[in-house]
>>> print(open('protein_9.txt').read())   # compact mmCIF, C-alpha atoms
# COMPACT_ATOMS: atom_id res chain seq x y z
CA MET A 1 -14.29 26.70 -13.72
CA ASN A 2 -12.74 25.02 -16.75
CA PHE A 3 -12.32 21.33 -15.98
CA ASP A 4 -9.97 19.05 -17.89
CA LEU A 5 -11.92 15.95 -16.85
CA ILE A 6 -15.20 15.23 -15.10
CA LEU A 7 -16.20 11.85 -13.72
CA ARG A 8 -19.97 12.03 -13.96
CA GLY A 9 -22.48 10.52 -11.57
CA GLY A 10 -20.49 7.94 -9.61
CA ARG A 11 -20.94 6.96 -5.98
CA VAL A 12 -18.10 8.91 -4.40
CA ILE A 13 -16.65 7.33 -1.26
CA ASP A 14 -13.99 9.56 0.25
CA PRO A 15 -13.26 8.74 3.89
CA SER A 16 -11.05 11.83 4.21
CA GLN A 17 -14.22 13.92 3.88
CA LYS A 18 -16.62 11.37 5.39
CA LEU A 19 -18.37 11.47 2.03
CA ASP A 20 -20.51 8.70 0.56
CA GLY A 21 -22.94 9.84 -2.11
CA VAL A 22 -23.54 10.41 -5.80
CA ARG A 23 -21.36 13.25 -7.02
CA ASP A 24 -19.35 14.46 -9.98
CA VAL A 25 -15.59 14.80 -9.56
CA GLY A 26 -13.84 17.51 -11.56
CA PHE A 27 -10.13 17.74 -12.28
CA ALA A 28 -8.09 20.70 -13.50
CA GLY A 29 -4.37 21.33 -13.72
CA GLY A 30 -3.53 17.85 -12.45
CA LYS A 31 -5.48 18.29 -9.22
CA VAL A 32 -8.94 17.65 -7.85
CA ALA A 33 -10.87 20.85 -8.54
CA ALA A 34 -14.40 20.11 -7.29
CA VAL A 35 -16.68 17.40 -5.94
CA ALA A 36 -20.34 18.30 -6.35
CA LYS A 37 -23.52 17.44 -8.19
CA ASP A 38 -23.96 18.46 -11.82
CA LEU A 39 -20.59 20.09 -12.49
CA LYS A 40 -20.66 22.28 -15.58
CA PRO A 41 -18.09 21.37 -18.25
CA GLY A 42 -16.17 23.69 -20.52
CA SER A 43 -15.89 23.21 -24.25
CA ALA A 44 -12.67 21.19 -23.91
CA THR A 45 -13.69 19.09 -20.90
CA GLU A 46 -13.48 15.31 -21.17
CA ILE A 47 -16.47 13.72 -19.45
CA ARG A 48 -16.66 10.07 -18.42
CA ASP A 49 -19.95 8.52 -17.35
CA VAL A 50 -19.19 6.49 -14.21
CA SER A 51 -22.77 6.20 -12.99
CA GLY A 52 -23.32 2.90 -11.24
CA TYR A 53 -19.68 2.69 -10.17
CA ILE A 54 -17.76 3.67 -7.04
CA VAL A 55 -15.28 6.54 -7.25
CA THR A 56 -12.61 6.75 -4.55
CA PRO A 57 -9.41 8.69 -4.08
CA GLY A 58 -6.59 7.02 -5.99
CA LEU A 59 -5.68 3.85 -4.13
CA ILE A 60 -2.34 3.76 -2.33
CA ASP A 61 -0.57 0.42 -1.93
CA LEU A 62 1.75 1.01 1.01
CA HIS A 63 3.77 -2.17 0.47
CA THR A 64 4.95 -3.16 -3.01
CA HIS A 65 8.16 -4.19 -4.73
CA VAL A 66 8.45 -2.44 -8.09
CA TYR A 67 12.18 -2.20 -8.79
CA TRP A 68 11.49 -4.13 -11.97
CA GLY A 69 14.63 -5.47 -13.62
CA GLY A 70 16.83 -4.26 -10.79
CA THR A 71 15.87 -6.83 -8.16
CA SER A 72 14.59 -10.37 -8.48
CA LEU A 73 11.36 -9.62 -6.62
CA GLY A 74 10.40 -6.48 -8.56
CA ILE A 75 7.27 -6.32 -10.73
CA ASP A 76 6.31 -3.74 -13.37
CA ALA A 77 4.45 -0.97 -11.54
CA GLU A 78 2.43 0.22 -14.52
CA ASP A 79 1.15 -3.25 -15.45
CA PHE A 80 0.22 -3.88 -11.82
CA CYS A 81 -1.47 -0.53 -11.28
CA ARG A 82 -3.54 -0.62 -14.47
CA THR A 83 -5.39 -3.70 -13.23
CA SER A 84 -5.48 -3.06 -9.48
CA GLY A 85 -6.57 0.58 -9.34
CA VAL A 86 -3.43 1.73 -7.58
CA THR A 87 -2.25 5.25 -8.43
CA THR A 88 0.54 5.43 -5.84
CA ALA A 89 2.80 2.41 -5.28
CA ILE A 90 5.13 2.49 -2.30
CA ASP A 91 8.22 0.36 -2.80
CA THR A 92 9.35 -0.99 0.55
CA GLY A 93 13.06 -1.52 0.63
CA SER A 94 13.77 -3.13 -2.73
CA ALA A 95 16.60 -0.62 -3.04
CA GLY A 96 19.21 0.45 -0.54
CA PRO A 97 21.69 3.31 -0.76
CA GLY A 98 23.95 1.30 -3.07
CA ASN A 99 21.38 0.88 -5.86
CA TRP A 100 18.93 3.71 -5.17
CA LEU A 101 20.10 5.87 -8.06
CA GLY A 102 19.29 3.18 -10.62
CA PHE A 103 15.84 2.68 -9.11
CA ARG A 104 15.17 6.39 -9.24
CA LYS A 105 16.48 7.01 -12.76
CA HIS A 106 15.39 3.88 -14.59
CA VAL A 107 12.09 3.05 -12.86
CA ILE A 108 10.59 5.86 -10.77
CA GLU A 109 11.30 8.80 -13.07
CA LYS A 110 10.08 6.90 -16.14
CA SER A 111 6.85 5.66 -14.60
CA GLN A 112 3.44 7.18 -15.22
CA VAL A 113 2.43 5.79 -11.84
CA ARG A 114 3.56 7.66 -8.76
CA ILE A 115 6.22 5.60 -6.98
CA LEU A 116 7.50 6.54 -3.54
CA ALA A 117 9.87 4.44 -1.47
CA TYR A 118 11.13 3.31 1.88
CA LEU A 119 14.92 3.10 1.59
CA HIS A 120 16.46 -0.09 2.97
CA VAL A 121 19.26 0.27 5.50
CA SER A 122 20.90 -2.67 3.69
CA HIS A 123 23.42 -1.42 1.11
CA ALA A 124 21.80 -3.29 -1.80
CA GLY A 125 18.26 -3.50 -0.47
CA ILE A 126 16.51 -6.86 -0.82
CA TYR A 127 18.86 -8.48 -3.30
CA GLY A 128 18.41 -12.25 -2.95
CA PHE A 129 14.68 -13.00 -3.05
CA ASP A 130 13.86 -15.72 -5.54
CA GLN A 131 12.52 -19.25 -5.85
CA ARG A 132 16.07 -20.62 -6.05
CA VAL A 133 18.02 -18.11 -3.96
CA MET A 134 16.67 -16.67 -0.72
CA VAL A 135 19.12 -14.51 1.21
CA GLY A 136 18.17 -12.61 4.34
CA GLU A 137 19.89 -9.29 3.74
CA SER A 138 19.82 -8.47 7.47
CA ARG A 139 21.78 -11.61 8.40
CA GLU A 140 25.12 -9.87 7.88
CA ILE A 141 25.68 -6.61 9.73
CA MET A 142 28.46 -5.80 7.29
CA HIS A 143 25.79 -5.47 4.59
CA MET A 144 24.14 -2.61 6.47
CA ASN A 145 25.18 0.88 5.38
CA PRO A 146 23.67 3.40 7.81
CA ILE A 147 25.91 6.35 6.88
CA ALA A 148 25.11 6.09 3.16
CA CYS A 149 21.47 5.45 4.00
CA VAL A 150 21.29 8.78 5.85
CA GLU A 151 22.98 10.59 2.97
CA VAL A 152 20.75 9.11 0.27
CA ALA A 153 17.54 9.58 2.26
CA ASP A 154 18.39 13.20 3.00
CA LYS A 155 19.12 13.99 -0.67
CA ASN A 156 15.98 12.30 -1.98
CA ARG A 157 13.23 13.48 0.34
CA ASP A 158 10.98 14.12 -2.65
CA LEU A 159 10.64 10.36 -3.16
CA ILE A 160 11.89 8.62 -0.01
CA VAL A 161 9.20 8.52 2.67
CA GLY A 162 10.94 6.40 5.29
CA ILE A 163 13.49 3.73 6.18
CA LYS A 164 12.94 -0.02 5.81
CA VAL A 165 14.38 -2.95 7.71
CA ARG A 166 13.57 -6.67 7.83
CA VAL A 167 14.04 -8.74 10.97
CA GLY A 168 13.11 -12.29 11.88
CA LEU A 169 14.46 -15.79 11.55
CA HIS A 170 14.46 -15.63 7.74
CA ALA A 171 15.51 -12.00 7.25
CA SER A 172 18.06 -11.53 10.03
CA GLY A 173 18.74 -15.03 11.38
CA THR A 174 21.11 -15.15 14.33
CA ASN A 175 21.91 -11.49 13.78
CA GLY A 176 18.73 -10.75 15.70
CA GLU A 177 17.92 -7.08 16.10
CA SER A 178 21.22 -5.54 15.05
CA ALA A 179 19.73 -4.34 11.76
CA LEU A 180 16.74 -2.88 13.63
CA ASP A 181 19.13 -1.03 15.94
CA LEU A 182 20.84 0.59 12.95
CA ALA A 183 17.59 1.31 11.11
CA LEU A 184 16.14 3.11 14.12
CA GLN A 185 19.29 5.21 14.37
CA VAL A 186 19.01 6.12 10.68
CA ALA A 187 15.31 6.95 10.98
CA ASN A 188 16.01 9.19 13.97
CA GLU A 189 18.88 10.90 12.17
CA VAL A 190 16.83 11.78 9.08
CA GLY A 191 13.56 12.38 10.92
CA MET A 192 11.61 9.76 8.97
CA PRO A 193 9.34 6.89 9.98
CA LEU A 194 10.56 3.31 9.95
CA MET A 195 8.78 0.39 8.34
CA CYS A 196 9.73 -2.89 9.99
CA HIS A 197 9.12 -6.32 8.47
CA ILE A 198 8.73 -9.20 10.87
CA ASP A 199 8.71 -12.91 10.10
CA HIS A 200 9.33 -15.97 12.28
CA PRO A 201 10.90 -15.45 15.72
CA PRO A 202 13.33 -14.50 16.99
CA PRO A 203 12.77 -11.65 17.67
CA SER A 204 9.21 -11.85 18.93
CA TYR A 205 6.35 -9.76 17.60
CA GLU A 206 5.85 -8.26 21.05
CA HIS A 207 9.47 -7.23 21.38
CA VAL A 208 9.67 -5.59 17.96
CA ILE A 209 6.52 -3.48 18.33
CA GLY A 210 7.74 -2.40 21.76
CA ARG A 211 10.75 -0.80 20.08
CA LEU A 212 8.85 1.04 17.36
CA ARG A 213 8.07 4.74 17.73
CA PRO A 214 4.84 6.66 17.11
CA GLY A 215 4.35 6.84 13.33
CA ASP A 216 6.52 3.81 12.61
CA VAL A 217 4.90 1.03 10.58
CA LEU A 218 4.82 -2.65 11.45
CA THR A 219 4.14 -4.52 8.24
CA HIS A 220 2.88 -8.12 8.08
CA ALA A 221 0.79 -7.17 11.11
CA PHE A 222 -1.81 -9.95 10.69
CA ARG A 223 0.70 -12.71 10.00
CA PRO A 224 0.06 -16.34 11.00
CA PHE A 225 1.63 -18.40 13.78
CA PRO A 226 4.42 -18.21 14.78
CA ASN A 227 4.77 -14.55 15.66
CA ALA A 228 1.09 -13.73 15.30
CA PRO A 229 -0.41 -10.71 17.11
CA CYS A 230 -2.88 -12.88 19.00
CA THR A 231 -2.68 -15.94 21.21
CA ALA A 232 -3.67 -19.49 20.27
CA GLN A 233 -6.98 -18.79 22.01
CA GLY A 234 -7.56 -15.73 19.83
CA ALA A 235 -6.88 -13.01 22.38
CA ILE A 236 -5.06 -9.93 21.11
CA LYS A 237 -1.73 -9.64 22.88
CA PRO A 238 -1.57 -6.69 25.30
CA GLU A 239 1.67 -5.45 23.73
CA VAL A 240 -0.20 -5.04 20.43
CA ILE A 241 -2.89 -2.91 22.04
CA ALA A 242 -0.24 -0.84 23.83
CA ALA A 243 1.63 -0.26 20.57
CA ARG A 244 -1.50 1.06 18.88
CA LYS A 245 -2.13 3.43 21.77
CA LYS A 246 1.46 4.62 21.38
CA GLY A 247 0.86 5.39 17.70
CA VAL A 248 2.47 2.45 15.88
CA ILE A 249 0.80 1.89 12.49
CA PHE A 250 -0.34 -1.65 11.67
CA ASP A 251 -0.05 -2.54 7.97
CA ILE A 252 -1.15 -5.82 6.37
CA GLY A 253 1.62 -6.47 3.80
CA HIS A 254 -0.05 -9.68 2.55
CA GLY A 255 2.71 -11.09 0.34
CA LYS A 256 3.58 -14.75 0.08
CA GLY A 257 3.81 -15.55 3.78
CA SER A 258 2.27 -12.82 5.89
CA PHE A 259 -1.54 -12.90 5.96
CA SER A 260 -3.78 -15.38 7.75
CA PHE A 261 -7.57 -15.65 7.79
CA LYS A 262 -7.39 -17.13 11.29
CA THR A 263 -5.38 -14.21 12.62
CA THR A 264 -7.65 -11.73 10.85
CA ARG A 265 -10.81 -13.29 12.29
CA ASN A 266 -9.38 -13.03 15.78
CA MET A 267 -8.19 -9.45 15.31
CA LEU A 268 -11.46 -8.23 13.80
CA ALA A 269 -13.47 -10.05 16.47
CA GLY A 270 -11.41 -8.18 19.04
CA GLY A 271 -12.21 -4.84 17.39
CA PHE A 272 -8.69 -4.42 16.01
CA GLU A 273 -8.78 -3.42 12.35
CA PRO A 274 -5.59 -2.74 10.39
CA ASP A 275 -4.64 0.89 9.93
CA VAL A 276 -3.46 0.20 6.39
CA ILE A 277 -4.21 -2.63 3.96
CA SER A 278 -1.45 -3.38 1.44
CA SER A 279 -0.60 -6.21 -0.92
CA ASP A 280 3.19 -6.66 -0.59
CA VAL A 281 3.00 -7.68 -4.23
CA HIS A 282 6.18 -9.14 -5.73
CA THR A 283 7.19 -11.79 -8.24
CA LEU A 284 6.51 -14.69 -5.87
CA CYS A 285 2.95 -13.69 -4.93
CA ILE A 286 1.50 -11.75 -7.88
CA GLU A 287 0.03 -15.02 -9.18
CA GLY A 288 -1.25 -15.81 -5.69
CA PRO A 289 -1.97 -15.76 -2.87
CA ALA A 290 -1.81 -11.93 -2.76
CA PHE A 291 -2.47 -11.21 -6.47
CA ASP A 292 -3.02 -7.45 -6.14
CA GLN A 293 -4.35 -4.63 -3.99
CA VAL A 294 -8.06 -4.98 -4.80
CA THR A 295 -7.96 -8.71 -3.99
CA THR A 296 -6.36 -7.90 -0.65
CA LEU A 297 -9.01 -5.26 0.04
CA SER A 298 -11.72 -7.75 -0.95
CA LYS A 299 -10.58 -10.21 1.71
CA PHE A 300 -11.26 -7.66 4.42
CA LEU A 301 -14.61 -6.69 2.92
CA VAL A 302 -15.87 -10.27 2.86
CA MET A 303 -14.59 -10.81 6.42
CA GLY A 304 -16.86 -8.05 7.68
CA MET A 305 -14.86 -4.84 7.56
CA PRO A 306 -17.16 -2.04 6.33
CA LEU A 307 -16.50 -0.79 2.80
CA ASP A 308 -15.75 2.78 3.82
CA ARG A 309 -13.11 1.62 6.29
CA VAL A 310 -11.60 -0.78 3.76
CA ILE A 311 -11.24 2.14 1.35
CA ALA A 312 -9.84 4.37 4.11
CA ALA A 313 -7.15 1.75 4.77
CA SER A 314 -5.91 2.19 1.18
CA THR A 315 -6.40 5.95 0.87
CA VAL A 316 -6.44 8.49 3.70
CA ASN A 317 -4.88 6.18 6.31
CA ALA A 318 -2.03 5.27 3.98
CA ALA A 319 -1.51 8.95 3.12
CA MET A 320 -1.29 9.77 6.83
CA ALA A 321 1.30 7.02 7.31
CA LEU A 322 3.30 8.57 4.46
CA LYS A 323 2.84 12.10 5.83
CA ARG A 324 1.57 13.05 2.37
CA PRO A 325 -1.84 14.68 2.99
CA GLU A 326 -2.17 15.64 -0.67
CA LEU A 327 -2.67 11.93 -1.46
CA GLY A 328 -5.57 9.65 -0.56
CA SER A 329 -8.25 12.35 -0.80
CA LEU A 330 -10.64 13.98 -3.24
CA LYS A 331 -10.62 17.29 -1.42
CA PRO A 332 -10.17 20.19 -3.85
CA GLY A 333 -6.46 20.87 -4.23
CA SER A 334 -5.47 17.25 -3.65
CA VAL A 335 -3.45 15.33 -6.22
CA GLY A 336 -5.74 14.53 -9.15
CA ASP A 337 -5.92 10.78 -8.67
CA ALA A 338 -9.05 8.64 -8.51
CA THR A 339 -9.97 4.99 -8.77
CA ILE A 340 -13.21 3.64 -10.24
CA LEU A 341 -14.36 0.43 -8.59
CA THR A 342 -17.26 -1.96 -8.68
CA ILE A 343 -18.28 -4.72 -6.29
CA LYS A 344 -19.05 -7.85 -8.23
CA GLU A 345 -21.29 -10.57 -6.87
CA GLY A 346 -20.73 -14.24 -7.50
CA ARG A 347 -18.70 -17.08 -6.04
CA PHE A 348 -15.12 -16.15 -5.27
CA ASP A 349 -12.41 -18.36 -3.79
CA TYR A 350 -9.91 -16.48 -1.63
CA VAL A 351 -6.81 -18.10 -0.15
CA ASP A 352 -4.37 -17.01 2.55
CA VAL A 353 -0.68 -17.79 2.90
CA VAL A 354 -1.18 -21.01 4.88
CA GLY A 355 -3.56 -22.45 2.27
CA GLU A 356 -6.89 -21.81 3.97
CA HIS A 357 -9.65 -21.06 1.47
CA LEU A 358 -12.56 -18.69 2.03
CA ILE A 359 -15.52 -18.82 -0.34
CA ALA A 360 -17.36 -15.51 -0.51
CA ASP A 361 -19.94 -13.76 -2.66
CA LYS A 362 -18.27 -10.39 -3.27
CA LYS A 363 -15.15 -9.04 -4.92
CA ILE A 364 -13.84 -5.51 -5.38
CA VAL A 365 -12.75 -4.94 -8.98
CA SER A 366 -10.86 -2.00 -10.44
CA GLU A 367 -12.57 -0.57 -13.53
CA GLY A 368 -10.66 2.63 -14.26
CA THR A 369 -8.07 5.07 -13.01
CA VAL A 370 -7.32 8.77 -13.09
CA ILE A 371 -3.72 9.87 -12.51
CA GLY A 372 -2.73 13.52 -12.40
CA GLY A 373 -6.16 14.57 -13.60
CA LYS A 374 -6.03 12.41 -16.74
CA TRP A 375 -7.95 9.29 -17.65
CA TRP A 376 -5.35 6.53 -17.34
CA HIS A 377 -6.81 3.25 -18.38
CA PRO A 378 -6.52 2.88 -22.15
CA LYS A 379 -7.15 -0.86 -22.00
CA ARG A 380 -10.62 -0.24 -20.60
CA SER A 381 -11.33 3.34 -21.62
CA THR A 382 -14.17 2.24 -23.92
CA LYS A 383 -16.00 0.78 -20.93
CA PHE A 384 -17.11 4.22 -19.78
CA LYS A 385 -19.08 6.29 -22.23
CA LYS A 386 -17.41 9.55 -23.18
CA LEU A 387 -20.16 12.15 -22.92
CA ALA A 388 -20.59 15.25 -25.04
CA THR A 389 -19.84 18.56 -23.34
CA ALA A 390 -23.10 20.17 -24.37
>>> encode(input="protein_9.txt", output="structure tokens")
Amino acid sequence: MNFDLILRGGRVIDPSQKLDGVRDVGFAGGKVAAVAKDLKPGSATEIRDVSGYIVTPGLIDLHTHVYWGGTSLGIDAEDFCRTSGVTTAIDTGSAGPGNWLGFRKHVIEKSQVRILAYLHVSHAGIYGFDQRVMVGESREIMHMNPIACVEVADKNRDLIVGIKVRVGLHASGTNGESALDLALQVANEVGMPLMCHIDHPPPSYEHVIGRLRPGDVLTHAFRPFPNAPCTAQGAIKPEVIAARKKGVIFDIGHGKGSFSFKTTRNMLAGGFEPDVISSDVHTLCIEGPAFDQVTTLSKFLVMGMPLDRVIAASTVNAAMALKRPELGSLKPGSVGDATILTIKEGRFDYVDVVGEHLIADKKIVSEGTVIGGKWWHPKRSTKFKKLATA
């Protein structure tokens, strides 16, 4: 086979194949072509020596805000992904039906990074999220636009993977669950999953997850008190366990206010790992406490979650939540994305959203990226020796 690119000699960890071992990964025609030892290059094959590094499927960040320039919370997807190893960024509700077209035309279609999106049921998405102005878009039911949301979602199924809604004291205020009611109706109408944000009560964590359907995503799942998934004594609430059995997907969505070491300790001690780990990166948390996807993954690694399951939570599990099996895998025929990682040792200071610090000796670092079968890390491309083909 004529490969366009071979990653040579890395430790391949691909939870979708239960694979952990030294392999080459070959790419051709924008897809993964082979994973095996000692792949034979053609005369035009680019070969990168990644021996001593970890190679995973391209990382998926299930919760980002990348409507850069169109919303106050949006960051530049390409800048973010180059340093965090993310090859697929999922924007979660930055745009609604009223400003979707601008997001699609001016950001998504121009990006080298793959951007998919949950469409907000709010007409203008999340439009007032800033240090000086903080508006809960779900506070006014008149701002919801379910009919247009159905129309836009139906016409843009190539990029829209689900519907987004935010509820809680900050997001919906006294409006309670009215926005959730409409969002569930929209999701049912278009046959897509719902991602639901939750913040302070009301409504309660238990009540919201009781309303979600199999395949729906609860983001900010390991948030701190109030509205944490566990009791003050650390016990996991029975409604949380019941929701998982029902098929609700639990996503981290770290962000500025939605991840707690205390909650995470209790959940992991109870045998409850997140299904998906995501950063919820936006303008108010990219400089901390979330920083990026690999920092968020590192927090779970140093808290005892095994490396293969940490990687699964940002690859195959996220792809399953998206219903996009071609992502999050290095199986031949999958999208030609890969992330090159290393685990650095040292002294690292991690912080959660309530200000608790955790000193640990490991950190996951992104070292390189392949997108669509092409080496995509020009800022660090000299780090990996380009080998001769013969």
>>> closest_residue(input="protein_9.txt", among="A:Thr295, A:Thr283, A:Ser51, A:Ser366", to="Gly74 (chain A)", atoms="all atoms listed in the file")
A:Thr283
>>> residues_around(input="protein_9.txt", residues="region 326-330 of chain A", least_positions_apart="4", cutoff="6 Å", atoms="only C-alpha atoms", output="VMD selection string")
chain A and resid 16 57 315 to 316 319 334 to 335
>>> closest_residue(input="protein_9.txt", among="A:Asp292, A:Asp4, A:Asp154, A:Asp352", to="Phe222 (chain A)", atoms="all atoms listed in the file")
A:Asp352
>>> closest_residue(input="protein_9.txt", among="A:Leu184, A:Ile277, A:Val35, A:Gln233", to="Gln17 (chain A)", atoms="all atoms listed in the file")
A:Val35
>>> atom_distance(input="protein_9.txt", atom1="CA of Ala95 (chain A)", atom2="CA of Gly173 (chain A)")
20.5 Å
>>> atom_distance(input="protein_9.txt", atom1="CA of Asp91 (chain A)", atom2="CA of Val276 (chain A)")
14.9 Å
>>> closest_residue(input="protein_9.txt", among="A:Arg114, A:Arg104, A:Lys40, A:His254", to="His282 (chain A)", atoms="all atoms listed in the file")
A:His254
>>> closest_atom_pairs(input="protein_9.txt", of="region 221-305 of chain A", to="region 192-215 of chain A", cutoff="10 Å", atoms="only C-alpha atoms", output="Markdown table")
| residue | atom | partner | partner_atom | distance |
| --- | --- | --- | --- | --- |
| A:Ala221 | CA | A:Ile198 | CA | 8.2 |
| A:Arg223 | CA | A:Asp199 | CA | 8.0 |
| A:Pro224 | CA | A:Asp199 | CA | 9.3 |
| A:Phe225 | CA | A:His200 | CA | 8.2 |
| A:Pro226 | CA | A:His200 | CA | 5.9 |
| A:Asn227 | CA | A:Tyr205 | CA | 5.4 |
| A:Ala228 | CA | A:Tyr205 | CA | 7.0 |
| A:Pro229 | CA | A:Tyr205 | CA | 6.8 |
| A:Cys230 | CA | A:Tyr205 | CA | 9.8 |
| A:Lys237 | CA | A:Glu206 | CA | 7.9 |
| A:Pro238 | CA | A:Glu206 | CA | 8.7 |
| A:Glu239 | CA | A:Glu206 | CA | 5.7 |
| A:Val240 | CA | A:Glu206 | CA | 6.9 |
| A:Ala242 | CA | A:Gly210 | CA | 8.4 |
| A:Ala243 | CA | A:Ile209 | CA | 6.3 |
| A:Arg244 | CA | A:Pro214 | CA | 8.6 |
| A:Lys245 | CA | A:Pro214 | CA | 9.0 |
| A:Lys246 | CA | A:Pro214 | CA | 5.8 |
| A:Gly247 | CA | A:Pro214 | CA | 4.2 |
| A:Val248 | CA | A:Pro214 | CA | 5.0 |
| A:Ile249 | CA | A:Gly215 | CA | 6.1 |
| A:Phe250 | CA | A:Ile209 | CA | 9.7 |
| A:Asp251 | CA | A:Met195 | CA | 9.3 |
| A:Gly253 | CA | A:His197 | CA | 8.8 |
| A:Gly257 | CA | A:Asp199 | CA | 8.4 |
| A:Ser258 | CA | A:Asp199 | CA | 7.7 |
>>> residues_around(input="protein_9.txt", residues="Asp49 (chain A)", least_positions_apart="3", cutoff="10 Å", atoms="all atoms listed in the file", output="MDAnalysis selection string")
chainID A and resid 6:10 24 52:53 383:387
>>> residues_around(input="protein_9.txt", residues="region 261-264 of chain A", least_positions_apart="5", cutoff="10 Å", atoms="all atoms listed in the file", output="number ranges by chain")
A: 221-225, 228-232, 234-236, 252, 269-270, 272-274, 299-300, 303, 350-358
>>> residues_around(input="protein_9.txt", residues="Thr64 (chain A)", least_positions_apart="3", cutoff="10 Å", atoms="all atoms listed in the file", output="list in words")
Asp61, Tyr67, Leu73, Gly74, Ile75, Ala77, Ala89, Ile90, Asp91, Thr92, Gly93, Ser94, Ile115, Ala117, Gly253, His254, Gly255, Ser278, Ser279, Asp280, Val281, His282, Asp292 and Gln293 of chain A
>>> closest_residue(input="protein_9.txt", among="A:Pro146, A:Gly70, A:Gly176, A:Gly336", to="Gly128 (chain A)", atoms="all atoms listed in the file")
A:Gly70
>>> atom_distance(input="protein_9.txt", atom1="CA of Met134 (chain A)", atom2="CA of Gly168 (chain A)")
13.8 Å
>>> axis_aligned_box(input="protein_9.txt", around="region 369-373 of chain A", padding_each_side="5 Å", output="JSON")
{"center_x": -5.4, "center_y": 9.8, "center_z": -13.0, "size_x": 15.3, "size_y": 19.5, "size_z": 11.2}
>>> decode(input="protein_9.txt", residues="region 3-47 of chain A", atoms="C-alpha atoms", output="CSV table (one decimal), in the first residue's frame")
chain,number,residue,atom,x,y,z
A,3,PHE,CA,1.0,5.5,2.5
A,4,ASP,CA,1.0,9.3,2.5
A,5,LEU,CA,2.3,9.4,6.1
A,6,ILE,CA,3.6,6.8,8.6
A,7,LEU,CA,4.0,7.5,12.3
A,8,ARG,CA,6.9,5.2,13.1
A,9,GLY,CA,7.4,3.2,16.4
A,10,GLY,CA,5.1,4.9,18.9
A,11,ARG,CA,3.2,3.4,21.7
A,12,VAL,CA,-0.2,3.1,20.2
A,13,ILE,CA,-3.1,3.3,22.7
A,14,ASP,CA,-6.4,2.9,21.0
A,15,PRO,CA,-9.2,1.9,23.4
A,16,SER,CA,-11.6,1.3,20.4
A,17,GLN,CA,-9.4,-1.7,19.5
A,18,LYS,CA,-8.2,-2.5,23.1
A,19,LEU,CA,-4.8,-1.9,21.7
A,20,ASP,CA,-1.7,-0.8,23.7
A,21,GLY,CA,1.6,-1.6,22.1
A,22,VAL,CA,4.4,-0.4,19.9
A,23,ARG,CA,3.1,0.0,16.3
A,24,ASP,CA,3.4,2.0,13.2
A,25,VAL,CA,0.3,4.0,12.0
A,26,GLY,CA,-0.1,4.5,8.3
A,27,PHE,CA,-2.4,7.1,6.6
A,28,ALA,CA,-3.6,7.2,3.0
A,29,GLY,CA,-6.2,9.3,1.3
A,30,GLY,CA,-7.1,11.2,4.5
A,31,LYS,CA,-7.9,8.0,6.5
A,32,VAL,CA,-6.2,5.5,8.7
A,33,ALA,CA,-4.9,2.8,6.4
A,34,ALA,CA,-3.0,0.4,8.7
A,35,VAL,CA,-1.8,-0.1,12.2
A,36,ALA,CA,1.0,-2.7,12.4
A,37,LYS,CA,4.7,-3.2,13.0
A,38,ASP,CA,7.2,-2.2,10.4
A,39,LEU,CA,4.9,-0.7,7.7
A,40,LYS,CA,6.7,-0.4,4.4
A,41,PRO,CA,6.7,3.1,2.9
A,42,GLY,CA,6.4,4.1,-0.7
A,43,SER,CA,8.8,6.5,-2.4
A,44,ALA,CA,6.6,9.5,-1.6
A,45,THR,CA,5.7,8.6,2.0
A,46,GLU,CA,6.4,11.0,4.8
A,47,ILE,CA,7.7,9.2,7.8
